[in-house]
Amino acid sequence: ERQNFNPDLPTFQQMQDRLDARYHYFQAGDIRKAARLLLDIAEPYRIWGYLQQCKTFIHETLKKLEAFPLTTERQGLIIDLLVEQSWIERSVSGFDKAITCCQHAENLLNTVTDQRHAGRVYHALGRFNYDQGKWEQSQTYLTRSFELRKQAGDLKGLMKVLTDLYAWYWDCGEVEAIETIIEEGIDACKKAGDQENHAEIIVTTLGSLLHNQGRFDEALPFYEESLRLRKADNFYGKANSLRLIGQTFWQKKDFKKALQWYEEALGFAKQSQDDIMQAYILREIGDTHRDTGNIEEAIKYYQATHKIAETSENLLGRIIAFTRLGWSYSRTHKIDEALKYYQRFRDMYQELGDNVGDTDGLNNLGGIYLQRYSEE
């Protein structure tokens, strides 16, 4: 079963199975094995929105690990768990606690030699400083993480920090620096023969850069390249590349071609069995029908989006789907429907204990009330 486990895209059942196994080993006193199983799924589990549960598992695992003599292996596990805890604290407790976790982890770095651990610590510190507007500190940490992950051959980690470095340079208007780090990231993937992370760098940074600059015709061949780089059985990745091609035609107002690409993307999303990817694409198909003037057809797709998102185990994905539905309904001037989804968005963040998300919810609600006022 481990051979079928994809740590980047685990199913909810696979995460639950690992948590069950982790509990078994934890109760049996094999804390090292329990910690490794938790680290298998800690990132996707928190990204899916299970913040409080993940925080509890990490806290009790750390407490046990720190009670034993600190071998190099145990210190590596502690560092990685502290970094995962820091991302959760950022959402539920604030930046002070998040940075304290990272500083605790940083103090242990001189006892381990694997640069991957340091890359994770400095990426988190870079992101938290970026979120607080501490530009100089953020750039220092993110650049350090980028170099460490490149040296360690941690291409998955490199792709993640590259995304945040891209945001930093974009905010500062340093487009040439963005092009340089993208080129470095792609070169690292090519040297390692890693086509999947090569594809991810294209869709998350290079394609985004060209999109943001309005260079849609130039973005298209890169999205097509990302599709060719995908593994035959990576249905999720193919669906994402295809939907981005659809988005590009939508931006160009070629709605007929956009629908063709979206429909193909939806087919792969169904094969991937990822309900949230299906929900995202259904909403985009609805938006395309809206922009052709077919509001009735658009509403059908929005309703289909709601039906899928409502039952998803991916809680954060559900929130994002509701947010996008709110935006879509606001564009059709159905303000009451938009308000319903934006309120659900905020309510769910409050239920998860995610204060950062709750703030976003307030901002969105304020925007839609302003729209209602302006249209009255």
# chains A, B, ... in the order shown; residues from 1 in each chain; ligands from 1
>>> residues_around(residues="stretch 235-241 of chain A", least_positions_apart="6", cutoff="6 Å", atoms="only C-alpha atoms", output="ChimeraX atom specification")
/A:223,227,265,268-269,272
>>> residues_around(residues="A:Gln132", least_positions_apart="4", cutoff="9 Å", atoms="only C-alpha atoms", output="PDB file with all heavy atoms, in the first residue's frame")
ATOM      1  N   PHE A  95       1.834  34.963  14.461  1.00  0.00           N
ATOM      2  CA  PHE A  95       3.213  34.867  13.993  1.00  0.00           C
ATOM      3  C   PHE A  95       4.221  34.682  15.130  1.00  0.00           C
ATOM      4  O   PHE A  95       5.266  34.053  14.931  1.00  0.00           O
ATOM      5  CB  PHE A  95       3.578  36.106  13.170  1.00  0.00           C
ATOM      6  CG  PHE A  95       2.834  36.187  11.869  1.00  0.00           C
ATOM      7  CD1 PHE A  95       1.920  37.202  11.641  1.00  0.00           C
ATOM      8  CD2 PHE A  95       3.038  35.238  10.883  1.00  0.00           C
ATOM      9  CE1 PHE A  95       1.231  37.277  10.439  1.00  0.00           C
ATOM     10  CE2 PHE A  95       2.357  35.298   9.678  1.00  0.00           C
ATOM     11  CZ  PHE A  95       1.456  36.329   9.460  1.00  0.00           C
ATOM     12  N   ARG A 127       8.672  32.922   4.862  1.00  0.00           N
ATOM     13  CA  ARG A 127       7.252  33.165   4.575  1.00  0.00           C
ATOM     14  C   ARG A 127       6.591  33.984   5.681  1.00  0.00           C
ATOM     15  O   ARG A 127       5.814  34.915   5.412  1.00  0.00           O
ATOM     16  CB  ARG A 127       6.538  31.832   4.392  1.00  0.00           C
ATOM     17  CG  ARG A 127       5.039  31.958   4.192  1.00  0.00           C
ATOM     18  CD  ARG A 127       4.677  32.812   2.963  1.00  0.00           C
ATOM     19  NE  ARG A 127       3.251  33.013   2.905  1.00  0.00           N
ATOM     20  CZ  ARG A 127       2.407  32.172   2.299  1.00  0.00           C
ATOM     21  NH1 ARG A 127       2.876  31.089   1.700  1.00  0.00           N
ATOM     22  NH2 ARG A 127       1.119  32.422   2.287  1.00  0.00           N
ATOM     23  N   PHE A 128       6.911  33.661   6.943  1.00  0.00           N
ATOM     24  CA  PHE A 128       6.273  34.387   8.047  1.00  0.00           C
ATOM     25  C   PHE A 128       6.716  35.851   8.077  1.00  0.00           C
ATOM     26  O   PHE A 128       5.918  36.747   8.367  1.00  0.00           O
ATOM     27  CB  PHE A 128       6.579  33.708   9.386  1.00  0.00           C
ATOM     28  CG  PHE A 128       6.144  32.266   9.453  1.00  0.00           C
ATOM     29  CD1 PHE A 128       6.779  31.366  10.307  1.00  0.00           C
ATOM     30  CD2 PHE A 128       5.113  31.795   8.665  1.00  0.00           C
ATOM     31  CE1 PHE A 128       6.392  30.043  10.368  1.00  0.00           C
ATOM     32  CE2 PHE A 128       4.712  30.457   8.710  1.00  0.00           C
ATOM     33  CZ  PHE A 128       5.358  29.589   9.563  1.00  0.00           C
TER      34      PHE A 128
END
>>> closest_atom_pairs(of="stretch 246-359 of chain A", to="stretch 45-50 of chain A", cutoff="9 Å", atoms="only C-alpha atoms", output="JSON lines")
{"residue": "A:Glu313", "atom": "CA", "partner": "A:Trp48", "partner_atom": "CA", "distance": 7.9}
{"residue": "A:Asn314", "atom": "CA", "partner": "A:Trp48", "partner_atom": "CA", "distance": 4.9}
{"residue": "A:Leu315", "atom": "CA", "partner": "A:Gly49", "partner_atom": "CA", "distance": 5.2}
{"residue": "A:Leu316", "atom": "CA", "partner": "A:Gly49", "partner_atom": "CA", "distance": 4.9}
{"residue": "A:Gly317", "atom": "CA", "partner": "A:Trp48", "partner_atom": "CA", "distance": 6.7}
{"residue": "A:Arg318", "atom": "CA", "partner": "A:Trp48", "partner_atom": "CA", "distance": 9.0}
{"residue": "A:Tyr349", "atom": "CA", "partner": "A:Gly49", "partner_atom": "CA", "distance": 8.7}
{"residue": "A:Leu352", "atom": "CA", "partner": "A:Gly49", "partner_atom": "CA", "distance": 6.7}
{"residue": "A:Asp354", "atom": "CA", "partner": "A:Gly49", "partner_atom": "CA", "distance": 8.6}
>>> select_by_dssp(residues="stretch 54-280 of chain A", states="helix (DSSP H, G or I)", output="MDAnalysis selection string")
chainID A and resid 54:65 72:92 95:107 109:111 115:131 135:152 155:171 175:192 195:212 216:229 235:251 255:272 275:280
>>> residues_around(residues="A:Lys55", least_positions_apart="3", cutoff="7 Å", atoms="only C-alpha atoms", output="ChimeraX atom specification")
/A:51-52,58-59,85,88
>>> write_last_selection(atoms="N, CA, C and O atoms", output="PDB file, in the first residue's frame")
ATOM      1  N   LEU A  51      -6.443  21.564  11.226  1.00  0.00           N
ATOM      2  CA  LEU A  51      -5.380  22.250  11.954  1.00  0.00           C
ATOM      3  C   LEU A  51      -5.289  21.808  13.405  1.00  0.00           C
ATOM      4  O   LEU A  51      -4.201  21.490  13.910  1.00  0.00           O
ATOM      5  N   GLN A  52      -6.410  21.820  14.091  1.00  0.00           N
ATOM      6  CA  GLN A  52      -6.384  21.508  15.523  1.00  0.00           C
ATOM      7  C   GLN A  52      -5.990  20.058  15.771  1.00  0.00           C
ATOM      8  O   GLN A  52      -5.213  19.758  16.683  1.00  0.00           O
ATOM      9  N   ILE A  58       1.019  16.521  16.658  1.00  0.00           N
ATOM     10  CA  ILE A  58       2.409  16.989  16.666  1.00  0.00           C
ATOM     11  C   ILE A  58       2.879  17.265  18.088  1.00  0.00           C
ATOM     12  O   ILE A  58       3.991  16.874  18.479  1.00  0.00           O
ATOM     13  N   HIS A  59       2.038  17.906  18.874  1.00  0.00           N
ATOM     14  CA  HIS A  59       2.413  18.258  20.255  1.00  0.00           C
ATOM     15  C   HIS A  59       2.736  17.013  21.075  1.00  0.00           C
ATOM     16  O   HIS A  59       3.773  16.958  21.756  1.00  0.00           O
ATOM     17  N   GLN A  85       4.511  22.392  12.928  1.00  0.00           N
ATOM     18  CA  GLN A  85       3.752  23.080  13.978  1.00  0.00           C
ATOM     19  C   GLN A  85       3.739  24.588  13.733  1.00  0.00           C
ATOM     20  O   GLN A  85       2.722  25.258  13.968  1.00  0.00           O
ATOM     21  N   ILE A  88       1.036  25.667  11.395  1.00  0.00           N
ATOM     22  CA  ILE A  88      -0.277  25.636  12.048  1.00  0.00           C
ATOM     23  C   ILE A  88      -0.435  26.831  12.979  1.00  0.00           C
ATOM     24  O   ILE A  88      -1.480  27.505  12.990  1.00  0.00           O
TER      25      ILE A  88
END
>>> closest_atom_pairs(of="stretch 26-60 of chain A", to="stretch 76-79 of chain A", cutoff="12 Å", atoms="only C-alpha atoms", output="JSON lines")
{"residue": "A:Ile31", "atom": "CA", "partner": "A:Leu77", "partner_atom": "CA", "distance": 10.3}
{"residue": "A:Arg32", "atom": "CA", "partner": "A:Leu77", "partner_atom": "CA", "distance": 8.0}
{"residue": "A:Lys33", "atom": "CA", "partner": "A:Leu77", "partner_atom": "CA", "distance": 10.3}
{"residue": "A:Ala34", "atom": "CA", "partner": "A:Leu77", "partner_atom": "CA", "distance": 10.5}
{"residue": "A:Ala35", "atom": "CA", "partner": "A:Leu77", "partner_atom": "CA", "distance": 6.9}
{"residue": "A:Arg36", "atom": "CA", "partner": "A:Leu77", "partner_atom": "CA", "distance": 7.5}
{"residue": "A:Leu37", "atom": "CA", "partner": "A:Leu77", "partner_atom": "CA", "distance": 10.9}
{"residue": "A:Leu38", "atom": "CA", "partner": "A:Leu77", "partner_atom": "CA", "distance": 10.2}
{"residue": "A:Leu39", "atom": "CA", "partner": "A:Leu77", "partner_atom": "CA", "distance": 8.3}
{"residue": "A:Asp40", "atom": "CA", "partner": "A:Leu77", "partner_atom": "CA", "distance": 11.5}
{"residue": "A:Ile58", "atom": "CA", "partner": "A:Ile78", "partner_atom": "CA", "distance": 9.6}
{"residue": "A:His59", "atom": "CA", "partner": "A:Ile78", "partner_atom": "CA", "distance": 10.5}
{"residue": "A:Glu60", "atom": "CA", "partner": "A:Ile78", "partner_atom": "CA", "distance": 11.7}
>>> residues_around(residues="A:Lys190", least_positions_apart="5", cutoff="12 Å", atoms="only C-alpha atoms", output="list in words")
Gly153, Leu155, Glu183, Glu184, Gly185, Gln195, Glu196, Asn197, His198, Ala199, Ile201 and Leu229 of chain A
>>> residues_around(residues="A:Glu84", least_positions_apart="4", cutoff="8 Å", atoms="only C-alpha atoms", output="list in words")
Ala42, Glu43, Asp80 and Ile88 of chain A
>>> write_last_selection(atoms="all heavy atoms", output="mmCIF file, in the first residue's frame")
data_model
loop_
_atom_site.group_PDB
_atom_site.id
_atom_site.type_symbol
_atom_site.label_atom_id
_atom_site.label_comp_id
_atom_site.auth_asym_id
_atom_site.auth_seq_id
_atom_site.Cartn_x
_atom_site.Cartn_y
_atom_site.Cartn_z
ATOM 1 N N ALA A 42 1.482 15.077 7.625
ATOM 2 C CA ALA A 42 1.221 16.299 8.392
ATOM 3 C C ALA A 42 0.921 17.488 7.479
ATOM 4 O O ALA A 42 -0.035 18.246 7.718
ATOM 5 C CB ALA A 42 2.411 16.620 9.299
ATOM 6 N N GLU A 43 1.719 17.661 6.427
ATOM 7 C CA GLU A 43 1.511 18.817 5.549
ATOM 8 C C GLU A 43 0.178 18.750 4.810
ATOM 9 O O GLU A 43 -0.621 19.704 4.883
ATOM 10 C CB GLU A 43 2.668 18.955 4.559
ATOM 11 C CG GLU A 43 2.513 20.157 3.649
ATOM 12 C CD GLU A 43 3.673 20.329 2.685
ATOM 13 O OE1 GLU A 43 4.628 19.521 2.742
ATOM 14 O OE2 GLU A 43 3.628 21.263 1.870
ATOM 15 N N ASP A 80 11.666 18.815 11.906
ATOM 16 C CA ASP A 80 10.604 18.778 10.896
ATOM 17 C C ASP A 80 9.218 18.927 11.520
ATOM 18 O O ASP A 80 8.334 19.586 10.952
ATOM 19 C CB ASP A 80 10.693 17.483 10.087
ATOM 20 C CG ASP A 80 11.926 17.448 9.181
ATOM 21 O OD1 ASP A 80 12.557 18.506 8.994
ATOM 22 O OD2 ASP A 80 12.256 16.362 8.678
ATOM 23 N N ILE A 88 1.036 25.667 11.395
ATOM 24 C CA ILE A 88 -0.277 25.636 12.048
ATOM 25 C C ILE A 88 -0.435 26.831 12.979
ATOM 26 O O ILE A 88 -1.480 27.505 12.990
ATOM 27 C CB ILE A 88 -0.454 24.314 12.827
ATOM 28 C CG1 ILE A 88 -0.451 23.130 11.858
ATOM 29 C CG2 ILE A 88 -1.753 24.336 13.640
ATOM 30 C CD1 ILE A 88 -0.396 21.778 12.535
#
>>> closest_residue(among="A:Phe68, A:Trp87, A:Trp135, A:Tyr141", to="A:Glu106", atoms="only C-alpha atoms")
A:Tyr141
>>> residues_around(residues="A:Leu109", least_positions_apart="5", cutoff="10 Å", atoms="only C-alpha atoms", output="ChimeraX atom specification")
/A:75-76,79,103-104,114-115,117-118,121
>>> write_last_selection(atoms="C-alpha atoms", output="CSV table (one decimal), in the first residue's frame")
chain,number,residue,atom,x,y,z
A,75,GLN,CA,16.7,15.8,16.3
A,76,GLY,CA,15.9,15.7,12.6
A,79,ILE,CA,13.1,19.9,13.6
A,103,GLN,CA,13.7,29.5,16.3
A,104,HIS,CA,13.5,26.3,18.4
A,114,ASP,CA,21.0,17.1,6.1
A,115,GLN,CA,20.4,20.4,4.4
A,117,HIS,CA,16.0,20.3,7.5
A,118,ALA,CA,17.5,23.8,7.3
A,121,VAL,CA,13.2,26.0,8.7
>>> atom_distance(atom1="atom CA of A:His289", atom2="atom CA of A:Gly366")
27.2 Å
